[in-house]
$ cat coords-v4.pdb   # PDB, C-alpha atoms, pLDDT in the B column
ATOM      1  CA  MET A   1     -13.049  10.208 -24.363  1.00 68.00           C
ATOM      2  CA  SER A   2     -11.745   6.646 -24.430  1.00 80.00           C
ATOM      3  CA  ASP A   3     -11.581   4.549 -21.274  1.00 82.00           C
ATOM      4  CA  GLU A   4      -7.782   4.670 -21.458  1.00 85.00           C
ATOM      5  CA  ASN A   5      -7.810   8.476 -21.649  1.00 90.00           C
ATOM      6  CA  LYS A   6     -10.277   8.685 -18.767  1.00 89.00           C
ATOM      7  CA  ARG A   7      -8.112   6.457 -16.632  1.00 90.00           C
ATOM      8  CA  GLN A   8      -5.027   8.519 -17.428  1.00 94.00           C
ATOM      9  CA  GLN A   9      -6.855  11.729 -16.526  1.00 96.00           C
ATOM     10  CA  ALA A  10      -8.080  10.178 -13.264  1.00 96.00           C
ATOM     11  CA  GLU A  11      -4.537   9.047 -12.456  1.00 97.00           C
ATOM     12  CA  ASP A  12      -3.132  12.506 -13.250  1.00 97.00           C
ATOM     13  CA  HIS A  13      -5.481  14.064 -10.683  1.00 98.00           C
ATOM     14  CA  TYR A  14      -4.678  11.275  -8.229  1.00 98.00           C
ATOM     15  CA  TYR A  15      -0.928  11.892  -8.473  1.00 98.00           C
ATOM     16  CA  ALA A  16      -1.477  15.647  -8.203  1.00 98.00           C
ATOM     17  CA  ALA A  17      -3.394  14.942  -4.976  1.00 98.00           C
ATOM     18  CA  LEU A  18      -0.546  12.809  -3.642  1.00 97.00           C
ATOM     19  CA  ASP A  19       1.889  15.642  -4.317  1.00 98.00           C
ATOM     20  CA  LEU A  20      -0.381  18.081  -2.469  1.00 98.00           C
ATOM     21  CA  VAL A  21      -0.655  15.716   0.503  1.00 97.00           C
ATOM     22  CA  SER A  22       3.126  15.493   0.690  1.00 97.00           C
ATOM     23  CA  GLU A  23       3.202  19.306   0.758  1.00 97.00           C
ATOM     24  CA  GLY A  24       0.671  19.399   3.592  1.00 96.00           C
ATOM     25  CA  GLU A  25      -2.074  20.810   1.347  1.00 97.00           C
ATOM     26  CA  LYS A  26      -4.825  18.390   2.327  1.00 97.00           C
ATOM     27  CA  GLU A  27      -7.784  20.607   1.401  1.00 97.00           C
ATOM     28  CA  ARG A  28      -6.359  21.143  -2.076  1.00 98.00           C
ATOM     29  CA  ALA A  29      -5.591  17.428  -2.308  1.00 98.00           C
ATOM     30  CA  LEU A  30      -9.258  16.684  -1.638  1.00 98.00           C
ATOM     31  CA  VAL A  31     -10.169  18.792  -4.665  1.00 98.00           C
ATOM     32  CA  GLU A  32      -7.806  16.748  -6.842  1.00 98.00           C
ATOM     33  CA  TYR A  33      -9.132  13.459  -5.445  1.00 98.00           C
ATOM     34  CA  GLY A  34     -12.626  14.710  -6.242  1.00 98.00           C
ATOM     35  CA  LYS A  35     -11.602  15.521  -9.810  1.00 98.00           C
ATOM     36  CA  SER A  36     -10.085  12.067 -10.144  1.00 98.00           C
ATOM     37  CA  LEU A  37     -13.303  10.460  -8.961  1.00 98.00           C
ATOM     38  CA  SER A  38     -15.445  12.632 -11.223  1.00 97.00           C
ATOM     39  CA  VAL A  39     -13.562  11.101 -14.157  1.00 96.00           C
ATOM     40  CA  ASP A  40     -13.507   7.555 -12.740  1.00 96.00           C
ATOM     41  CA  PRO A  41     -16.049   7.110  -9.916  1.00 96.00           C
ATOM     42  CA  GLU A  42     -14.744   3.623  -9.121  1.00 95.00           C
ATOM     43  CA  PHE A  43     -11.045   4.516  -8.766  1.00 96.00           C
ATOM     44  CA  THR A  44     -10.529   3.068  -5.303  1.00 97.00           C
ATOM     45  CA  GLU A  45      -6.945   4.292  -4.934  1.00 97.00           C
ATOM     46  CA  ALA A  46      -8.246   7.869  -5.125  1.00 98.00           C
ATOM     47  CA  MET A  47     -10.969   6.978  -2.632  1.00 98.00           C
ATOM     48  CA  HIS A  48      -8.382   5.631  -0.201  1.00 98.00           C
ATOM     49  CA  GLY A  49      -6.430   8.868  -0.471  1.00 98.00           C
ATOM     50  CA  MET A  50      -9.559  10.937  -0.032  1.00 98.00           C
ATOM     51  CA  ALA A  51     -10.625   8.950   3.037  1.00 98.00           C
ATOM     52  CA  ARG A  52      -7.201   9.441   4.617  1.00 97.00           C
ATOM     53  CA  CYS A  53      -7.231  13.192   3.944  1.00 97.00           C
ATOM     54  CA  LEU A  54     -10.692  13.473   5.431  1.00 98.00           C
ATOM     55  CA  GLN A  55      -9.539  11.495   8.462  1.00 97.00           C
ATOM     56  CA  ASP A  56      -6.531  13.777   8.899  1.00 97.00           C
ATOM     57  CA  LEU A  57      -8.848  16.792   8.705  1.00 97.00           C
ATOM     58  CA  ASN A  58     -11.085  15.169  11.360  1.00 97.00           C
ATOM     59  CA  ARG A  59     -13.978  14.977   8.907  1.00 98.00           C
ATOM     60  CA  LEU A  60     -14.727  11.490  10.130  1.00 98.00           C
ATOM     61  CA  ASP A  61     -18.293  11.066   8.867  1.00 98.00           C
ATOM     62  CA  GLU A  62     -17.207  11.964   5.343  1.00 98.00           C
ATOM     63  CA  ALA A  63     -14.219   9.624   5.605  1.00 98.00           C
ATOM     64  CA  ILE A  64     -16.512   6.817   6.751  1.00 98.00           C
ATOM     65  CA  SER A  65     -18.790   7.390   3.755  1.00 98.00           C
ATOM     66  CA  VAL A  66     -15.843   7.132   1.368  1.00 98.00           C
ATOM     67  CA  ALA A  67     -14.436   4.018   3.066  1.00 98.00           C
ATOM     68  CA  LYS A  68     -17.881   2.373   2.964  1.00 98.00           C
ATOM     69  CA  ARG A  69     -18.062   3.078  -0.776  1.00 98.00           C
ATOM     70  CA  ILE A  70     -14.696   1.348  -1.261  1.00 98.00           C
ATOM     71  CA  ALA A  71     -15.965  -1.690   0.659  1.00 96.00           C
ATOM     72  CA  GLU A  72     -19.111  -1.708  -1.498  1.00 96.00           C
ATOM     73  CA  LEU A  73     -17.019  -1.712  -4.677  1.00 96.00           C
ATOM     74  CA  ASP A  74     -14.555  -4.311  -3.383  1.00 95.00           C
ATOM     75  CA  SER A  75     -15.697  -6.243  -0.332  1.00 92.00           C
ATOM     76  CA  ASP A  76     -12.258  -7.923  -0.177  1.00 93.00           C
ATOM     77  CA  ASP A  77     -10.378  -4.623   0.183  1.00 95.00           C
ATOM     78  CA  ILE A  78      -8.558  -5.113   3.486  1.00 96.00           C
ATOM     79  CA  LEU A  79      -7.558  -1.459   3.741  1.00 95.00           C
ATOM     80  CA  ALA A  80     -11.175  -0.298   3.409  1.00 97.00           C
ATOM     81  CA  HIS A  81     -12.179  -2.395   6.420  1.00 97.00           C
ATOM     82  CA  THR A  82      -9.079  -1.364   8.356  1.00 97.00           C
ATOM     83  CA  SER A  83      -9.835   2.288   7.633  1.00 97.00           C
ATOM     84  CA  LEU A  84     -13.427   1.856   8.756  1.00 97.00           C
ATOM     85  CA  SER A  85     -12.198   0.227  11.963  1.00 97.00           C
ATOM     86  CA  VAL A  86      -9.883   3.161  12.702  1.00 97.00           C
ATOM     87  CA  LEU A  87     -12.530   5.741  11.815  1.00 97.00           C
ATOM     88  CA  TYR A  88     -15.179   4.084  13.960  1.00 97.00           C
ATOM     89  CA  GLN A  89     -12.720   3.865  16.837  1.00 97.00           C
ATOM     90  CA  LYS A  90     -11.967   7.592  16.536  1.00 97.00           C
ATOM     91  CA  LYS A  91     -15.711   8.252  16.774  1.00 97.00           C
ATOM     92  CA  GLY A  92     -16.035   6.026  19.838  1.00 97.00           C
ATOM     93  CA  MET A  93     -18.085   3.449  17.915  1.00 97.00           C
ATOM     94  CA  ILE A  94     -16.241   0.493  19.427  1.00 97.00           C
ATOM     95  CA  PRO A  95     -18.533  -2.399  18.381  1.00 96.00           C
ATOM     96  CA  GLU A  96     -18.474  -1.182  14.773  1.00 96.00           C
ATOM     97  CA  ALA A  97     -14.705  -0.711  14.951  1.00 96.00           C
ATOM     98  CA  GLU A  98     -14.222  -4.241  16.244  1.00 97.00           C
ATOM     99  CA  ASP A  99     -16.512  -5.655  13.555  1.00 96.00           C
ATOM    100  CA  GLU A 100     -14.580  -3.953  10.752  1.00 95.00           C
ATOM    101  CA  GLY A 101     -11.260  -4.936  12.323  1.00 95.00           C
ATOM    102  CA  ASN A 102     -12.388  -8.553  12.372  1.00 94.00           C
ATOM    103  CA  LYS A 103     -13.426  -8.365   8.706  1.00 94.00           C
ATOM    104  CA  ALA A 104      -9.983  -7.017   7.794  1.00 94.00           C
ATOM    105  CA  ARG A 105      -8.243  -9.712   9.822  1.00 94.00           C
ATOM    106  CA  ILE A 106     -10.279 -12.524   8.219  1.00 94.00           C
ATOM    107  CA  LEU A 107      -9.627 -11.140   4.745  1.00 93.00           C
ATOM    108  CA  GLY A 108      -5.919 -11.034   5.562  1.00 92.00           C
ATOM    109  CA  TRP A 109      -5.971 -14.645   6.663  1.00 93.00           C
ATOM    110  CA  LYS A 110      -7.842 -15.678   3.516  1.00 89.00           C
ATOM    111  CA  GLN A 111      -5.262 -13.868   1.415  1.00 87.00           C
ATOM    112  CA  GLN A 112      -2.430 -15.651   3.234  1.00 86.00           C
ATOM    113  CA  LEU A 113      -4.099 -19.031   2.694  1.00 89.00           C
ATOM    114  CA  LYS A 114      -4.375 -18.297  -1.017  1.00 86.00           C
ATOM    115  CA  GLY A 115      -0.626 -17.729  -1.089  1.00 81.00           C
ATOM    116  CA  GLY A 116      -0.882 -13.955  -1.164  1.00 54.00           C
ATOM    117  CA  ARG A 117       1.070 -11.558   0.998  1.00 52.00           C
TER     118      ARG A 117
END
$ encode --input "coords-v4.pdb" --output "structure tokens"
Amino acid sequence: MSDENKRQQAEDHYYAALDLVSEGEKERALVEYGKSLSVDPEFTEAMHGMARCLQDLNRLDEAISVAKRIAELDSDDILAHTSLSVLYQKKGMIPEAEDEGNKARILGWKQQLKGGR
């Protein structure tokens, strides 16, 4: 399968997951996110969706693992660090939450200085 076909298949599963989330079917959405990532293991948009579903299902340790993987793939991903901050806070891991929140804030400032958002 070509890279373009793989990406399209990964996106198809991703969009199916988004539809399921909007219908309140978070467990089924996780299956679709998983299928998306089995096709493209570095598809961070699917990882973000998966982390959020896991958070909503109170599966915080799993959500943290996914968010950490996003940060490993893209250390400048502000949302990954923000998600980790929220997840750590929900677990009562305040120093870790503050550390990740600071990383997100600094990345946001750097982006603004570069003329980004």
$ resolve_selection --input "coords-v4.pdb" --expression "the PyMOL selection byres ((chain A and resi 28) around 12)" --output "list in words"
His13, Tyr14, Ala16, Ala17, Leu18, Asp19, Leu20, Val21, Ser22, Glu23, Gly24, Glu25, Lys26, Glu27, Ala29, Leu30, Val31, Glu32, Tyr33, Gly34, Lys35, Met50, Cys53, Leu54 and Leu57 of chain A
$ residues_around --input "coords-v4.pdb" --residues "Ser65 in chain A" --least-positions-apart "5" --cutoff "9 Å" --atoms "only C-alpha atoms" --output "VMD selection string"
chain A and resid 51 60 70
$ closest_residue --input "coords-v4.pdb" --among "A:Ile78, A:Leu84, A:Ile94, A:Pro41" --to "Leu107 in chain A" --atoms "only C-alpha atoms"
A:Ile78
$ atom_distance --input "coords-v4.pdb" --atom1 "CA of Ser85 in chain A" --atom2 "CA of Glu98 in chain A"
6.5 Å
$ residues_around --input "coords-v4.pdb" --residues "range 79-81 of chain A" --least-positions-apart "6" --cutoff "12 Å" --atoms "only C-alpha atoms" --output "NGL selection string"
:A and (44-45 or 47-52 or 63-73 or 87-88 or 96-108)
$ write_last_selection --input "coords-v4.pdb" --atoms "C-alpha atoms" --output "PDB file, keeping the file's coordinate frame"
ATOM      1  CA  THR A  44     -10.529   3.068  -5.303  1.00 97.00           C
ATOM      2  CA  GLU A  45      -6.945   4.292  -4.934  1.00 97.00           C
ATOM      3  CA  MET A  47     -10.969   6.978  -2.632  1.00 98.00           C
ATOM      4  CA  HIS A  48      -8.382   5.631  -0.201  1.00 98.00           C
ATOM      5  CA  GLY A  49      -6.430   8.868  -0.471  1.00 98.00           C
ATOM      6  CA  MET A  50      -9.559  10.937  -0.032  1.00 98.00           C
ATOM      7  CA  ALA A  51     -10.625   8.950   3.037  1.00 98.00           C
ATOM      8  CA  ARG A  52      -7.201   9.441   4.617  1.00 97.00           C
ATOM      9  CA  ALA A  63     -14.219   9.624   5.605  1.00 98.00           C
ATOM     10  CA  ILE A  64     -16.512   6.817   6.751  1.00 98.00           C
ATOM     11  CA  SER A  65     -18.790   7.390   3.755  1.00 98.00           C
ATOM     12  CA  VAL A  66     -15.843   7.132   1.368  1.00 98.00           C
ATOM     13  CA  ALA A  67     -14.436   4.018   3.066  1.00 98.00           C
ATOM     14  CA  LYS A  68     -17.881   2.373   2.964  1.00 98.00           C
ATOM     15  CA  ARG A  69     -18.062   3.078  -0.776  1.00 98.00           C
ATOM     16  CA  ILE A  70     -14.696   1.348  -1.261  1.00 98.00           C
ATOM     17  CA  ALA A  71     -15.965  -1.690   0.659  1.00 96.00           C
ATOM     18  CA  GLU A  72     -19.111  -1.708  -1.498  1.00 96.00           C
ATOM     19  CA  LEU A  73     -17.019  -1.712  -4.677  1.00 96.00           C
ATOM     20  CA  LEU A  87     -12.530   5.741  11.815  1.00 97.00           C
ATOM     21  CA  TYR A  88     -15.179   4.084  13.960  1.00 97.00           C
ATOM     22  CA  GLU A  96     -18.474  -1.182  14.773  1.00 96.00           C
ATOM     23  CA  ALA A  97     -14.705  -0.711  14.951  1.00 96.00           C
ATOM     24  CA  GLU A  98     -14.222  -4.241  16.244  1.00 97.00           C
ATOM     25  CA  ASP A  99     -16.512  -5.655  13.555  1.00 96.00           C
ATOM     26  CA  GLU A 100     -14.580  -3.953  10.752  1.00 95.00           C
ATOM     27  CA  GLY A 101     -11.260  -4.936  12.323  1.00 95.00           C
ATOM     28  CA  ASN A 102     -12.388  -8.553  12.372  1.00 94.00           C
ATOM     29  CA  LYS A 103     -13.426  -8.365   8.706  1.00 94.00           C
ATOM     30  CA  ALA A 104      -9.983  -7.017   7.794  1.00 94.00           C
ATOM     31  CA  ARG A 105      -8.243  -9.712   9.822  1.00 94.00           C
ATOM     32  CA  ILE A 106     -10.279 -12.524   8.219  1.00 94.00           C
ATOM     33  CA  LEU A 107      -9.627 -11.140   4.745  1.00 93.00           C
ATOM     34  CA  GLY A 108      -5.919 -11.034   5.562  1.00 92.00           C
TER      35      GLY A 108
END
